[in-house]
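Have a look at the structure below, then the notes.
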Amino acid sequence: MIIKVNNLVKRYDDLIALDHFNLEVKEGEIFGLLGPNGSGKTTAINCILSLLKYDKGTIEVYGRPMAPDAYDIKRNIGIIMQNVAVFDELTVYENIDYFCGMYIKDKKKRRELVEEAIEFVELDSFRKFLPKKLSGGLLRRLNIACGIAHKPKLIILDEPTVAVDPQSRRKILEGIRKLNDDGATIVYTSHYMEEVEEICTRIAIMDKGKVIALGTKDELKGMINSGEKITVEILEHNPDILEGVRSLPNIVSAEFNDNMLVAKSRRGKNNLSALLEYLRSSQINVGRIYSEPPTLNDVFLEITGKELRDHA
Amino acid sequence: MQVYKALFKIIHKNLPQITIYIFSFLVVAVIMSNVGSNPANADFSETRVNIAFFSYDDSALSDGLESSLSNITNMIDIPDDREKLQDALFFREVEYIVRVPKGFAEDLMKGKDVKIEKIAVPGSVSEVYLDNVINKYINTAKMYISNMKGLSDKQLTDFVMKDLEQKAEVKLIRKVEEVSKSQKVGYHFNYMAYSLFAVLILGVSTVMLVFNKKDLRNRNLCSPITPKSMNTQLILGNLSYAVLAWLIMIMPSLFMFGSFMFTAKGMFFLINSLVFSLSALCISFLISILVKGPGAISAAANVISLGSSFISGVLVPQELLGSTVLRIGSFTPTYWYVKSNNIIAGMTELTLRNITPVLYNMLIVFGFAVASIAVALVVTKQKRTA
């Protein structure tokens with residue numbers, strides 16, 4: 001086990017930020033920590049990194065207790081913070097060299113690693129740029145390069161794609177996968193469920209300082225009763241259709257969104273064909289048809305009764 | 001030494017702003033050092049006053065007075081005509097007119113009060129000076145008359161003339177020149193307090209503000225570098241910067257005042273400024289903990305360096321400042337630094353007695369450094385636990 005957190009409690013006066021929080025991260029996985037803003041993700045990460053003191057519980061990294069002076073453990077960790085943490089006064093190269101130099105003393109080796117990191121985040125043409133000259137996406141990539149240049153075995157990324165354009169986000173996600181392929185264990189926190197769903201091998205969903213669900217994305221989706229969401233374009237709008245659809249077995253809800261009929265079903269087989277059969281038998285002309293499997297948002301919604309997106 | 005190197009790169013990026021202060025110091029220091037000299041103290045030459053002398057007493061004493069005055073004045077030949085004499089006085093052809101009345105010697109020998117008529121430019125230095133000379137002549141004669149009975153007019157004149165021949169020689173000694181040069185150096189080093197303070201606040205605060213940014217600090221804390229190593233590098237970096245700034249600031253003094261800077265007095269100026277630099281460094285460190293952003297740094301650099309300079313005698317000499325202002329100024333190290341510079345500048349001899357107040361002042365300046373660091377540590381601890 002790379003990280004083992006047991007019954008962690010962190011209080012800010014009366015507010016409980018982490019409420020008996022438990023976590024286990026295995027070697028080689030991309031572990032996602034998903035939760036709305038304020039759910040305790042960053043607090044958990046800061047406690048794991050010994051940046052915050054906690055009230056109760058234990059944290060072990062690489063089988064040893066994590067502490068502010070656990071420098072041997074820190075040597076193997078790469079951290080990419082939620083906010084970009086680079087020197088505005090240093091160039092792209094100098095920034096990566098500075099942070100790499102905190103871990104690697106050998107100048108020659110460091111130079112090689114810095115070059116690799118620059119290549120990895122594709123900032124080669126920007127190496128002499130000051131951070132303020134970089135776009136948001138490039139800045140995020142610099143932030144990542146500063147955290148991974150020393151080739152850590154464990155990389156913790158705390159919301160690395162906040163306020164990033166889709167192209168840069170794609171590159172960042174691809175990069176994380178590559179780091180994992182190269183052998184690094186990744187802990188990835190985000191409130192973007194699509195990202196977590198896309199890259200993480202195991203996911204812990206957090207709310208109010210607790211892990212409320214844990215597993216692979218399929219395991220998580222299997223925990224809930226919700227089935228697919230079916231969206232059908234109705235060419236002739238008729239409000240009476242809703243009654244008929246709602247009466248179908250396994251359909252939980254149905255409503256119109258303009259001329260689109262949106263029906264949510266329970267987990268079960270043939271929900272889509274049953275609906276289409278009903279529409280055909282009622283001689284209702286239909287256009288486009290979509291069927292979406294349940295998302296992590298549905299998992300969060302069913303467990304907590306609130307939308308994950310509402311907090312994003 | 002990643003932190004140490006990064007520190008200097010950050011300072012390097014802020015160099016244009018720092019250079020403005022250094023450049024302005026160099027310009028003003030050169031100007032002030034030259035304007036601030038007092039050449040009158042550096043030279044002495046005897047001047048002679050133009051006088052007119054008329055004697056209506058045919059006596060040795062009268063001749064003696066004439067002879068005595070001719071040694072220290074220029075005797076101008078003018079007819080004893082009221083109108084002409086007035087013209088001569090008006091146009092400063094003569095500044096003093098002496099008329100010895102008939103019976104002057106006889107009256108003096110009998111012990112009577114004698115009166116010598118004089119006309120002079122009212123209130124002039126020459127009037128006071130020649131009054132003194134004439135009074136001295138008469139008083140010396142009176143002294144002999146009262147103590148040595150039976151002296152003839154000729155004998156008395158000989159005695160008086162012999163006594164008055166004794167002259168105090170004015171010799172220009174090197175120390176006067178030295179004091180003048182010391183004063184120049186004093187102006188230079190006094191003004192240095194302003195620029196040095198500003199440069200240190202700007203540099204140290206800028207660097208510390210960067211390293212104290214929450215996200216950067218956290219990233220550094222996540223690295224395997226120990227806080228001890230981190231702090232040591234920061235302290236070393238700031239200390240190096242302060243010493244570098246001090247060296248740049250004293251460089252002009254070495255060029256302008258040359259060998260003087262390698263005399264004991266010059267060394268005291270240098271040591272005093274080094275102690276002040278360390279104190280300013282510690283205060284800058286405290287300020288860096290208190291300020292919130294780059295804008296505040298600039299404001300703090302100006303307000304603190306300029307403010308302390310105004311109330312401590314850098315821009316206006318301490319002698320011209322009111323006691324209340326000086327009392328307030330004494331709560332800044334600049335005041336004690338300037339005070340020491342003034343003492344060193346005014347010293348003609350380097351003795352333990354002369355130098356003791358300077359050493360005490362240096363101790364006080366050093367005390368400011370210790371106090372600033374102590375407050376900085378308390379504030380840092382409070383911030384950490386808040």
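Following the order of the structure tokens, first chain is A, next is B, and so on, with residues numbered from 1 inside each chain and ligands from 1 in the order they appear.
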
Exercise for the section: Apply DSSP to the backbone of this structure and, from segment 11-193 of chain A, keep only the residues in alpha helix (DSSP H); write these as JSON, numbers by chain. Expected result: {"A": [41, 42, 43, 44, 45, 46, 47, 48, 71, 72, 73, 74, 92, 93, 94, 95, 96, 97, 98, 99, 100, 101, 107, 108, 109, 110, 111, 112, 113, 114, 115, 116, 117, 118, 119, 120, 136, 137, 138, 139, 140, 141, 142, 143, 144, 145, 146, 147, 148, 166, 167, 168, 169, 170, 171, 172, 173, 174, 175, 176, 177, 178, 179, 180, 181, 193]}

Residues of chain A within 7 Å of chain B, using only C-alpha atoms, as a PDB file with C-alpha atoms, in the first residue's frame?
ATOM      1  CA  LEU A  49       1.582  15.807   2.842  1.00  0.00           C
ATOM      2  CA  LEU A  51       1.173  20.533   5.478  1.00  0.00           C
ATOM      3  CA  TYR A  71      12.301  13.671   4.169  1.00  0.00           C
ATOM      4  CA  ASP A  72      12.971  10.204   2.731  1.00  0.00           C
ATOM      5  CA  LYS A  74       8.996  13.344   0.613  1.00  0.00           C
ATOM      6  CA  ARG A  75      11.842  12.616  -1.778  1.00  0.00           C
ATOM      7  CA  ASN A  83      -3.142  26.869  -7.353  1.00  0.00           C
ATOM      8  CA  ALA A  85       2.842  27.519  -7.356  1.00  0.00           C
ATOM      9  CA  VAL A  86       5.756  28.862  -9.397  1.00  0.00           C
ATOM     10  CA  GLU A  89      10.416  36.054 -11.449  1.00  0.00           C
ATOM     11  CA  TYR A  98      14.570  25.143  -8.983  1.00  0.00           C
ATOM     12  CA  GLY A 101      16.970  20.911  -7.596  1.00  0.00           C
ATOM     13  CA  MET A 102      15.177  20.533  -4.270  1.00  0.00           C
ATOM     14  CA  TYR A 103      15.267  16.779  -4.883  1.00  0.00           C
TER      15      TYR A 103
END

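Taking atom CA of Ser190 of chain A and atom CA of Asp158 of chain A as endpoints, the distance between them is 6.8 Å.
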
Practice task
Calculate how many Å separate atom CA of Asn132 of chain B from atom CA of Lys84 of chain B, rounding to one decimal.
Solution key: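 The value is 25.9 Å.
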
Exercise for the section: Figure out the distance between atom CA of Tyr129 of chain B and atom CA of Ile72 of chain B, please, to one decimal in Å. Expected result: 10.6 Å

Handout entry: Residue list (strand (DSSP E or B), DSSP) for segment 31-136 of chain A, as a count of residues only
Key = 16

Quick one: residues within 8 Å of segment 368-381 of chain B, only C-alpha atoms, excluding same-chain residues fewer than 2 positions away - as a PDB file with all heavy atoms, in the first residue's frame?
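Result file around.pdb:
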ATOM      1  N   LEU B 278      23.445  46.169   8.709  1.00  0.00           N
ATOM      2  CA  LEU B 278      22.918  44.954   9.350  1.00  0.00           C
ATOM      3  C   LEU B 278      21.596  45.256  10.062  1.00  0.00           C
ATOM      4  O   LEU B 278      20.649  44.470  10.004  1.00  0.00           O
ATOM      5  CB  LEU B 278      23.941  44.387  10.340  1.00  0.00           C
ATOM      6  CG  LEU B 278      25.224  43.858   9.715  1.00  0.00           C
ATOM      7  CD1 LEU B 278      26.189  43.371  10.778  1.00  0.00           C
ATOM      8  CD2 LEU B 278      24.921  42.731   8.725  1.00  0.00           C
ATOM      9  N   SER B 279      21.564  46.412  10.711  1.00  0.00           N
ATOM     10  CA  SER B 279      20.338  46.812  11.401  1.00  0.00           C
ATOM     11  C   SER B 279      19.206  47.022  10.392  1.00  0.00           C
ATOM     12  O   SER B 279      18.082  46.559  10.593  1.00  0.00           O
ATOM     13  CB  SER B 279      20.603  48.087  12.189  1.00  0.00           C
ATOM     14  OG  SER B 279      19.491  48.427  12.940  1.00  0.00           O
ATOM     15  N   ALA B 280      19.529  47.721   9.295  1.00  0.00           N
ATOM     16  CA  ALA B 280      18.521  47.981   8.251  1.00  0.00           C
ATOM     17  C   ALA B 280      18.049  46.666   7.639  1.00  0.00           C
ATOM     18  O   ALA B 280      16.868  46.509   7.303  1.00  0.00           O
ATOM     19  CB  ALA B 280      19.108  48.886   7.170  1.00  0.00           C
ATOM     20  N   LEU B 281      18.959  45.701   7.528  1.00  0.00           N
ATOM     21  CA  LEU B 281      18.606  44.388   6.985  1.00  0.00           C
ATOM     22  C   LEU B 281      17.565  43.708   7.880  1.00  0.00           C
ATOM     23  O   LEU B 281      16.559  43.184   7.392  1.00  0.00           O
ATOM     24  CB  LEU B 281      19.863  43.516   6.875  1.00  0.00           C
ATOM     25  CG  LEU B 281      19.650  42.048   6.527  1.00  0.00           C
ATOM     26  CD1 LEU B 281      19.144  41.902   5.108  1.00  0.00           C
ATOM     27  CD2 LEU B 281      20.937  41.258   6.685  1.00  0.00           C
ATOM     28  N   CYS B 282      17.804  43.738   9.193  1.00  0.00           N
ATOM     29  CA  CYS B 282      16.882  43.091  10.132  1.00  0.00           C
ATOM     30  C   CYS B 282      15.521  43.789  10.129  1.00  0.00           C
ATOM     31  O   CYS B 282      14.479  43.129  10.181  1.00  0.00           O
ATOM     32  CB  CYS B 282      17.474  43.095  11.536  1.00  0.00           C
ATOM     33  SG  CYS B 282      18.980  42.129  11.632  1.00  0.00           S
ATOM     34  N   ILE B 283      15.535  45.124  10.043  1.00  0.00           N
ATOM     35  CA  ILE B 283      14.269  45.861   9.996  1.00  0.00           C
ATOM     36  C   ILE B 283      13.539  45.525   8.691  1.00  0.00           C
ATOM     37  O   ILE B 283      12.317  45.334   8.684  1.00  0.00           O
ATOM     38  CB  ILE B 283      14.524  47.383  10.139  1.00  0.00           C
ATOM     39  CG1 ILE B 283      15.022  47.676  11.547  1.00  0.00           C
ATOM     40  CG2 ILE B 283      13.264  48.183   9.850  1.00  0.00           C
ATOM     41  CD1 ILE B 283      15.533  49.074  11.772  1.00  0.00           C
ATOM     42  N   PHE B 285      13.708  42.777   7.110  1.00  0.00           N
ATOM     43  CA  PHE B 285      13.178  41.423   7.285  1.00  0.00           C
ATOM     44  C   PHE B 285      11.840  41.479   8.031  1.00  0.00           C
ATOM     45  O   PHE B 285      10.865  40.810   7.652  1.00  0.00           O
ATOM     46  CB  PHE B 285      14.195  40.575   8.057  1.00  0.00           C
ATOM     47  CG  PHE B 285      13.796  39.145   8.198  1.00  0.00           C
ATOM     48  CD1 PHE B 285      13.865  38.280   7.113  1.00  0.00           C
ATOM     49  CD2 PHE B 285      13.338  38.647   9.401  1.00  0.00           C
ATOM     50  CE1 PHE B 285      13.486  36.957   7.240  1.00  0.00           C
ATOM     51  CE2 PHE B 285      12.957  37.322   9.537  1.00  0.00           C
ATOM     52  CZ  PHE B 285      13.035  36.474   8.458  1.00  0.00           C
ATOM     53  N   LEU B 286      11.794  42.315   9.065  1.00  0.00           N
ATOM     54  CA  LEU B 286      10.545  42.472   9.831  1.00  0.00           C
ATOM     55  C   LEU B 286       9.450  43.049   8.927  1.00  0.00           C
ATOM     56  O   LEU B 286       8.307  42.573   8.942  1.00  0.00           O
ATOM     57  CB  LEU B 286      10.786  43.388  11.040  1.00  0.00           C
ATOM     58  CG  LEU B 286       9.555  43.792  11.856  1.00  0.00           C
ATOM     59  CD1 LEU B 286       8.887  42.573  12.473  1.00  0.00           C
ATOM     60  CD2 LEU B 286       9.933  44.759  12.968  1.00  0.00           C
ATOM     61  N   ILE B 289       7.741  40.667   6.622  1.00  0.00           N
ATOM     62  CA  ILE B 289       6.743  39.782   7.236  1.00  0.00           C
ATOM     63  C   ILE B 289       5.413  40.517   7.387  1.00  0.00           C
ATOM     64  O   ILE B 289       4.348  39.917   7.296  1.00  0.00           O
ATOM     65  CB  ILE B 289       7.258  39.296   8.616  1.00  0.00           C
ATOM     66  CG1 ILE B 289       8.441  38.363   8.387  1.00  0.00           C
ATOM     67  CG2 ILE B 289       6.174  38.589   9.399  1.00  0.00           C
ATOM     68  CD1 ILE B 289       9.207  38.053   9.644  1.00  0.00           C
ATOM     69  N   THR B 332      14.756  55.514  15.884  1.00  0.00           N
ATOM     70  CA  THR B 332      15.187  54.863  14.633  1.00  0.00           C
ATOM     71  C   THR B 332      16.706  54.680  14.674  1.00  0.00           C
ATOM     72  O   THR B 332      17.415  55.501  15.286  1.00  0.00           O
ATOM     73  CB  THR B 332      14.831  55.725  13.392  1.00  0.00           C
ATOM     74  OG1 THR B 332      15.668  56.888  13.415  1.00  0.00           O
ATOM     75  CG2 THR B 332      13.382  56.141  13.368  1.00  0.00           C
ATOM     76  N   PRO B 333      17.204  53.631  14.031  1.00  0.00           N
ATOM     77  CA  PRO B 333      18.666  53.444  14.036  1.00  0.00           C
ATOM     78  C   PRO B 333      19.380  54.537  13.246  1.00  0.00           C
ATOM     79  O   PRO B 333      20.550  54.820  13.500  1.00  0.00           O
ATOM     80  CB  PRO B 333      18.851  52.079  13.364  1.00  0.00           C
ATOM     81  CG  PRO B 333      17.606  51.837  12.598  1.00  0.00           C
ATOM     82  CD  PRO B 333      16.513  52.565  13.299  1.00  0.00           C
ATOM     83  N   ILE B 364      23.710  50.644  20.102  1.00  0.00           N
ATOM     84  CA  ILE B 364      22.272  50.942  20.037  1.00  0.00           C
ATOM     85  C   ILE B 364      21.730  50.536  18.669  1.00  0.00           C
ATOM     86  O   ILE B 364      20.665  49.911  18.562  1.00  0.00           O
ATOM     87  CB  ILE B 364      22.008  52.445  20.327  1.00  0.00           C
ATOM     88  CG1 ILE B 364      22.369  52.767  21.776  1.00  0.00           C
ATOM     89  CG2 ILE B 364      20.547  52.807  20.051  1.00  0.00           C
ATOM     90  CD1 ILE B 364      22.376  54.240  22.119  1.00  0.00           C
ATOM     91  N   VAL B 365      22.473  50.877  17.607  1.00  0.00           N
ATOM     92  CA  VAL B 365      22.041  50.509  16.241  1.00  0.00           C
ATOM     93  C   VAL B 365      21.934  48.982  16.135  1.00  0.00           C
ATOM     94  O   VAL B 365      20.969  48.449  15.575  1.00  0.00           O
ATOM     95  CB  VAL B 365      23.037  51.062  15.183  1.00  0.00           C
ATOM     96  CG1 VAL B 365      22.700  50.538  13.797  1.00  0.00           C
ATOM     97  CG2 VAL B 365      23.012  52.580  15.175  1.00  0.00           C
ATOM     98  N   PHE B 366      22.899  48.291  16.722  1.00  0.00           N
ATOM     99  CA  PHE B 366      22.874  46.830  16.717  1.00  0.00           C
ATOM    100  C   PHE B 366      21.671  46.317  17.527  1.00  0.00           C
ATOM    101  O   PHE B 366      21.052  45.311  17.177  1.00  0.00           O
ATOM    102  CB  PHE B 366      24.188  46.290  17.283  1.00  0.00           C
ATOM    103  CG  PHE B 366      24.346  44.819  17.087  1.00  0.00           C
ATOM    104  CD1 PHE B 366      24.570  44.299  15.822  1.00  0.00           C
ATOM    105  CD2 PHE B 366      24.251  43.941  18.154  1.00  0.00           C
ATOM    106  CE1 PHE B 366      24.699  42.931  15.634  1.00  0.00           C
ATOM    107  CE2 PHE B 366      24.386  42.575  17.972  1.00  0.00           C
ATOM    108  CZ  PHE B 366      24.607  42.068  16.707  1.00  0.00           C
ATOM    109  N   LYS B 383       1.717  34.076  13.344  1.00  0.00           N
ATOM    110  CA  LYS B 383       1.078  33.828  12.046  1.00  0.00           C
ATOM    111  C   LYS B 383       0.931  32.330  11.816  1.00  0.00           C
ATOM    112  O   LYS B 383      -0.061  31.877  11.265  1.00  0.00           O
ATOM    113  CB  LYS B 383       1.929  34.435  10.926  1.00  0.00           C
ATOM    114  CG  LYS B 383       1.620  35.892  10.653  1.00  0.00           C
ATOM    115  CD  LYS B 383       2.346  36.340   9.406  1.00  0.00           C
ATOM    116  CE  LYS B 383       1.951  37.743   9.015  1.00  0.00           C
ATOM    117  NZ  LYS B 383       2.649  38.188   7.822  1.00  0.00           N
ATOM    118  N   ARG B 384       1.945  31.582  12.233  1.00  0.00           N
ATOM    119  CA  ARG B 384       1.940  30.142  12.004  1.00  0.00           C
ATOM    120  C   ARG B 384       0.854  29.466  12.832  1.00  0.00           C
ATOM    121  O   ARG B 384       0.202  28.536  12.383  1.00  0.00           O
ATOM    122  CB  ARG B 384       3.318  29.568  12.364  1.00  0.00           C
ATOM    123  CG  ARG B 384       3.676  28.348  11.537  1.00  0.00           C
ATOM    124  CD  ARG B 384       5.068  27.894  11.845  1.00  0.00           C
ATOM    125  NE  ARG B 384       6.081  28.775  11.321  1.00  0.00           N
ATOM    126  CZ  ARG B 384       7.313  28.876  11.816  1.00  0.00           C
ATOM    127  NH1 ARG B 384       7.651  28.169  12.880  1.00  0.00           N
ATOM    128  NH2 ARG B 384       8.186  29.676  11.276  1.00  0.00           N
ATOM    129  N   THR B 385       0.659  29.977  14.048  1.00  0.00           N
ATOM    130  CA  THR B 385      -0.332  29.334  14.922  1.00  0.00           C
ATOM    131  C   THR B 385      -1.734  29.892  14.720  1.00  0.00           C
ATOM    132  O   THR B 385      -2.697  29.346  15.227  1.00  0.00           O
ATOM    133  CB  THR B 385       0.064  29.511  16.404  1.00  0.00           C
ATOM    134  OG1 THR B 385       0.294  30.900  16.632  1.00  0.00           O
ATOM    135  CG2 THR B 385       1.309  28.721  16.738  1.00  0.00           C
TER     136      THR B 385
END

8 Å contact set for segment 130-145 of chain A, only C-alpha atoms, chain neighbours under 5 positions out, as a compact mmCIF listing (two decimals) with all heavy atoms, in the first residue's frame:
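The resulting file, part-v5.txt, is shown below:
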# COMPACT_ATOMS: atom_id res chain seq x y z
N ILE A 80 1.43 18.51 -7.22
CA ILE A 80 0.93 19.56 -8.12
C ILE A 80 -0.29 20.17 -7.42
O ILE A 80 -1.33 19.52 -7.29
CB ILE A 80 0.58 19.01 -9.51
CG1 ILE A 80 1.87 18.61 -10.24
CG2 ILE A 80 -0.14 20.05 -10.36
CD1 ILE A 80 2.05 17.17 -10.43
N MET A 81 -0.09 21.38 -6.97
CA MET A 81 -1.12 22.04 -6.16
C MET A 81 -2.29 22.55 -7.01
O MET A 81 -2.15 22.74 -8.21
CB MET A 81 -0.50 23.24 -5.43
CG MET A 81 0.62 22.88 -4.50
SD MET A 81 -0.04 22.18 -3.01
CE MET A 81 1.45 22.08 -2.01
N VAL A 84 -1.51 27.45 -9.00
CA VAL A 84 -0.19 27.37 -9.64
C VAL A 84 0.85 27.94 -8.67
O VAL A 84 0.73 29.08 -8.23
CB VAL A 84 -0.17 28.16 -10.97
CG1 VAL A 84 1.22 28.18 -11.56
CG2 VAL A 84 -1.14 27.54 -11.95
N ALA A 85 1.82 27.10 -8.32
CA ALA A 85 2.84 27.52 -7.36
C ALA A 85 4.20 27.56 -8.05
O ALA A 85 4.97 26.60 -8.00
CB ALA A 85 2.87 26.56 -6.17
N VAL A 86 4.46 28.68 -8.74
CA VAL A 86 5.76 28.86 -9.40
C VAL A 86 6.25 30.28 -9.10
O VAL A 86 5.48 31.13 -8.66
CB VAL A 86 5.67 28.66 -10.93
CG1 VAL A 86 5.31 27.22 -11.27
CG2 VAL A 86 4.69 29.62 -11.57
N PHE A 87 7.53 30.50 -9.37
CA PHE A 87 8.10 31.84 -9.16
C PHE A 87 7.81 32.70 -10.39
O PHE A 87 8.23 32.35 -11.50
CB PHE A 87 9.62 31.74 -8.97
CG PHE A 87 10.04 31.12 -7.67
CD1 PHE A 87 10.33 29.77 -7.60
CD2 PHE A 87 10.14 31.89 -6.53
CE1 PHE A 87 10.71 29.19 -6.40
CE2 PHE A 87 10.54 31.31 -5.32
CZ PHE A 87 10.82 29.96 -5.27
N ASP A 88 7.15 33.82 -10.17
CA ASP A 88 6.85 34.74 -11.29
C ASP A 88 8.13 35.34 -11.86
O ASP A 88 8.15 35.80 -13.00
CB ASP A 88 5.93 35.88 -10.82
CG ASP A 88 4.57 35.35 -10.44
OD1 ASP A 88 4.18 34.29 -11.00
OD2 ASP A 88 3.90 35.96 -9.59
N GLU A 89 9.18 35.38 -11.03
CA GLU A 89 10.42 36.05 -11.45
C GLU A 89 11.36 35.13 -12.21
O GLU A 89 12.34 35.59 -12.78
CB GLU A 89 11.16 36.59 -10.22
CG GLU A 89 10.45 37.69 -9.45
CD GLU A 89 9.36 37.17 -8.53
OE1 GLU A 89 9.20 35.92 -8.44
OE2 GLU A 89 8.64 37.98 -7.94
N LEU A 90 11.09 33.82 -12.19
CA LEU A 90 11.96 32.87 -12.87
C LEU A 90 11.32 32.41 -14.18
O LEU A 90 10.10 32.35 -14.28
CB LEU A 90 12.24 31.65 -11.99
CG LEU A 90 12.80 31.90 -10.58
CD1 LEU A 90 13.21 30.57 -9.95
CD2 LEU A 90 13.97 32.84 -10.58
N THR A 91 12.16 32.06 -15.14
CA THR A 91 11.65 31.57 -16.42
C THR A 91 11.12 30.14 -16.24
O THR A 91 11.28 29.54 -15.19
CB THR A 91 12.76 31.55 -17.48
OG1 THR A 91 13.77 30.63 -17.03
CG2 THR A 91 13.37 32.92 -17.70
N VAL A 92 10.51 29.64 -17.31
CA VAL A 92 9.98 28.27 -17.29
C VAL A 92 11.10 27.30 -16.89
O VAL A 92 10.94 26.49 -15.98
CB VAL A 92 9.41 27.92 -18.69
CG1 VAL A 92 9.19 26.42 -18.83
CG2 VAL A 92 8.11 28.69 -18.93
N ILE A 96 11.46 25.06 -13.27
CA ILE A 96 11.53 23.59 -13.21
C ILE A 96 12.85 23.17 -12.58
O ILE A 96 12.90 22.26 -11.75
CB ILE A 96 11.37 22.98 -14.63
CG1 ILE A 96 10.02 23.43 -15.23
CG2 ILE A 96 11.42 21.46 -14.58
CD1 ILE A 96 9.84 23.07 -16.69
N ALA A 117 11.30 16.93 -18.50
CA ALA A 117 10.04 17.50 -18.00
C ALA A 117 9.50 18.54 -18.98
O ALA A 117 8.29 18.58 -19.26
CB ALA A 117 10.26 18.13 -16.63
N ILE A 118 10.41 19.35 -19.53
CA ILE A 118 9.98 20.38 -20.50
C ILE A 118 9.38 19.70 -21.74
O ILE A 118 8.34 20.13 -22.25
CB ILE A 118 11.18 21.29 -20.88
CG1 ILE A 118 11.52 22.22 -19.71
CG2 ILE A 118 10.86 22.11 -22.13
CD1 ILE A 118 12.72 23.10 -19.94
N PHE A 120 8.09 16.72 -21.80
CA PHE A 120 6.87 16.02 -21.38
C PHE A 120 5.64 16.94 -21.42
O PHE A 120 4.57 16.54 -21.88
CB PHE A 120 7.07 15.46 -19.97
CG PHE A 120 5.90 14.68 -19.45
CD1 PHE A 120 5.67 13.37 -19.87
CD2 PHE A 120 5.00 15.24 -18.55
CE1 PHE A 120 4.59 12.65 -19.40
CE2 PHE A 120 3.92 14.53 -18.09
CZ PHE A 120 3.71 13.22 -18.51
N VAL A 121 5.81 18.17 -20.94
CA VAL A 121 4.66 19.09 -20.90
C VAL A 121 4.61 19.98 -22.16
O VAL A 121 3.77 20.88 -22.25
CB VAL A 121 4.67 19.98 -19.63
CG1 VAL A 121 4.46 19.16 -18.38
CG2 VAL A 121 5.96 20.77 -19.53
N LEU A 123 6.67 22.29 -23.41
CA LEU A 123 6.91 23.73 -23.19
C LEU A 123 8.26 24.17 -23.76
O LEU A 123 8.80 25.19 -23.36
CB LEU A 123 6.85 24.06 -21.69
CG LEU A 123 5.47 24.15 -21.05
CD1 LEU A 123 5.59 24.40 -19.55
CD2 LEU A 123 4.63 25.26 -21.68
N PRO A 160 -5.76 19.73 -10.95
CA PRO A 160 -4.77 20.36 -11.84
C PRO A 160 -5.37 20.99 -13.09
O PRO A 160 -4.66 21.67 -13.82
CB PRO A 160 -3.86 19.19 -12.23
CG PRO A 160 -4.72 17.99 -12.14
CD PRO A 160 -5.74 18.26 -11.08
N THR A 161 -6.66 20.77 -13.32
CA THR A 161 -7.24 21.27 -14.58
C THR A 161 -8.24 22.40 -14.38
O THR A 161 -8.98 22.73 -15.30
CB THR A 161 -7.93 20.13 -15.35
OG1 THR A 161 -8.92 19.56 -14.48
CG2 THR A 161 -6.96 19.07 -15.78
N ALA A 163 -9.87 25.78 -14.50
CA ALA A 163 -9.73 26.94 -15.40
C ALA A 163 -8.74 26.69 -16.54
O ALA A 163 -7.91 27.54 -16.84
CB ALA A 163 -9.31 28.17 -14.60
N VAL A 164 -8.82 25.52 -17.11
CA VAL A 164 -7.93 25.18 -18.22
C VAL A 164 -8.76 24.94 -19.47
O VAL A 164 -9.84 24.34 -19.41
CB VAL A 164 -7.10 23.93 -17.85
CG1 VAL A 164 -6.39 23.36 -19.06
CG2 VAL A 164 -6.09 24.26 -16.77
N ASP A 165 -8.27 25.38 -20.63
CA ASP A 165 -9.00 25.18 -21.89
C ASP A 165 -9.01 23.69 -22.25
O ASP A 165 -8.15 22.92 -21.81
CB ASP A 165 -8.34 26.00 -22.99
CG ASP A 165 -6.90 25.60 -23.21
OD1 ASP A 165 -6.03 26.04 -22.43
OD2 ASP A 165 -6.65 24.82 -24.13
N SER A 168 -5.66 22.01 -23.49
CA SER A 168 -4.66 21.82 -22.44
C SER A 168 -5.10 20.73 -21.48
O SER A 168 -4.29 19.94 -20.98
CB SER A 168 -4.43 23.11 -21.67
OG SER A 168 -3.77 24.03 -22.48
N ARG A 169 -6.42 20.70 -21.19
CA ARG A 169 -6.95 19.67 -20.29
C ARG A 169 -6.66 18.28 -20.84
O ARG A 169 -6.22 17.39 -20.13
CB ARG A 169 -8.45 19.88 -20.11
CG ARG A 169 -9.10 18.84 -19.25
CD ARG A 169 -10.52 19.18 -18.97
NE ARG A 169 -10.61 20.41 -18.17
CZ ARG A 169 -11.76 20.93 -17.74
NH1 ARG A 169 -12.89 20.36 -18.06
NH2 ARG A 169 -11.77 22.01 -17.03
N ILE A 172 -3.07 17.45 -20.41
CA ILE A 172 -2.77 17.16 -19.00
C ILE A 172 -3.21 15.73 -18.66
O ILE A 172 -2.47 14.96 -18.06
CB ILE A 172 -3.44 18.20 -18.07
CG1 ILE A 172 -2.74 19.56 -18.22
CG2 ILE A 172 -3.40 17.74 -16.61
CD1 ILE A 172 -3.46 20.72 -17.55
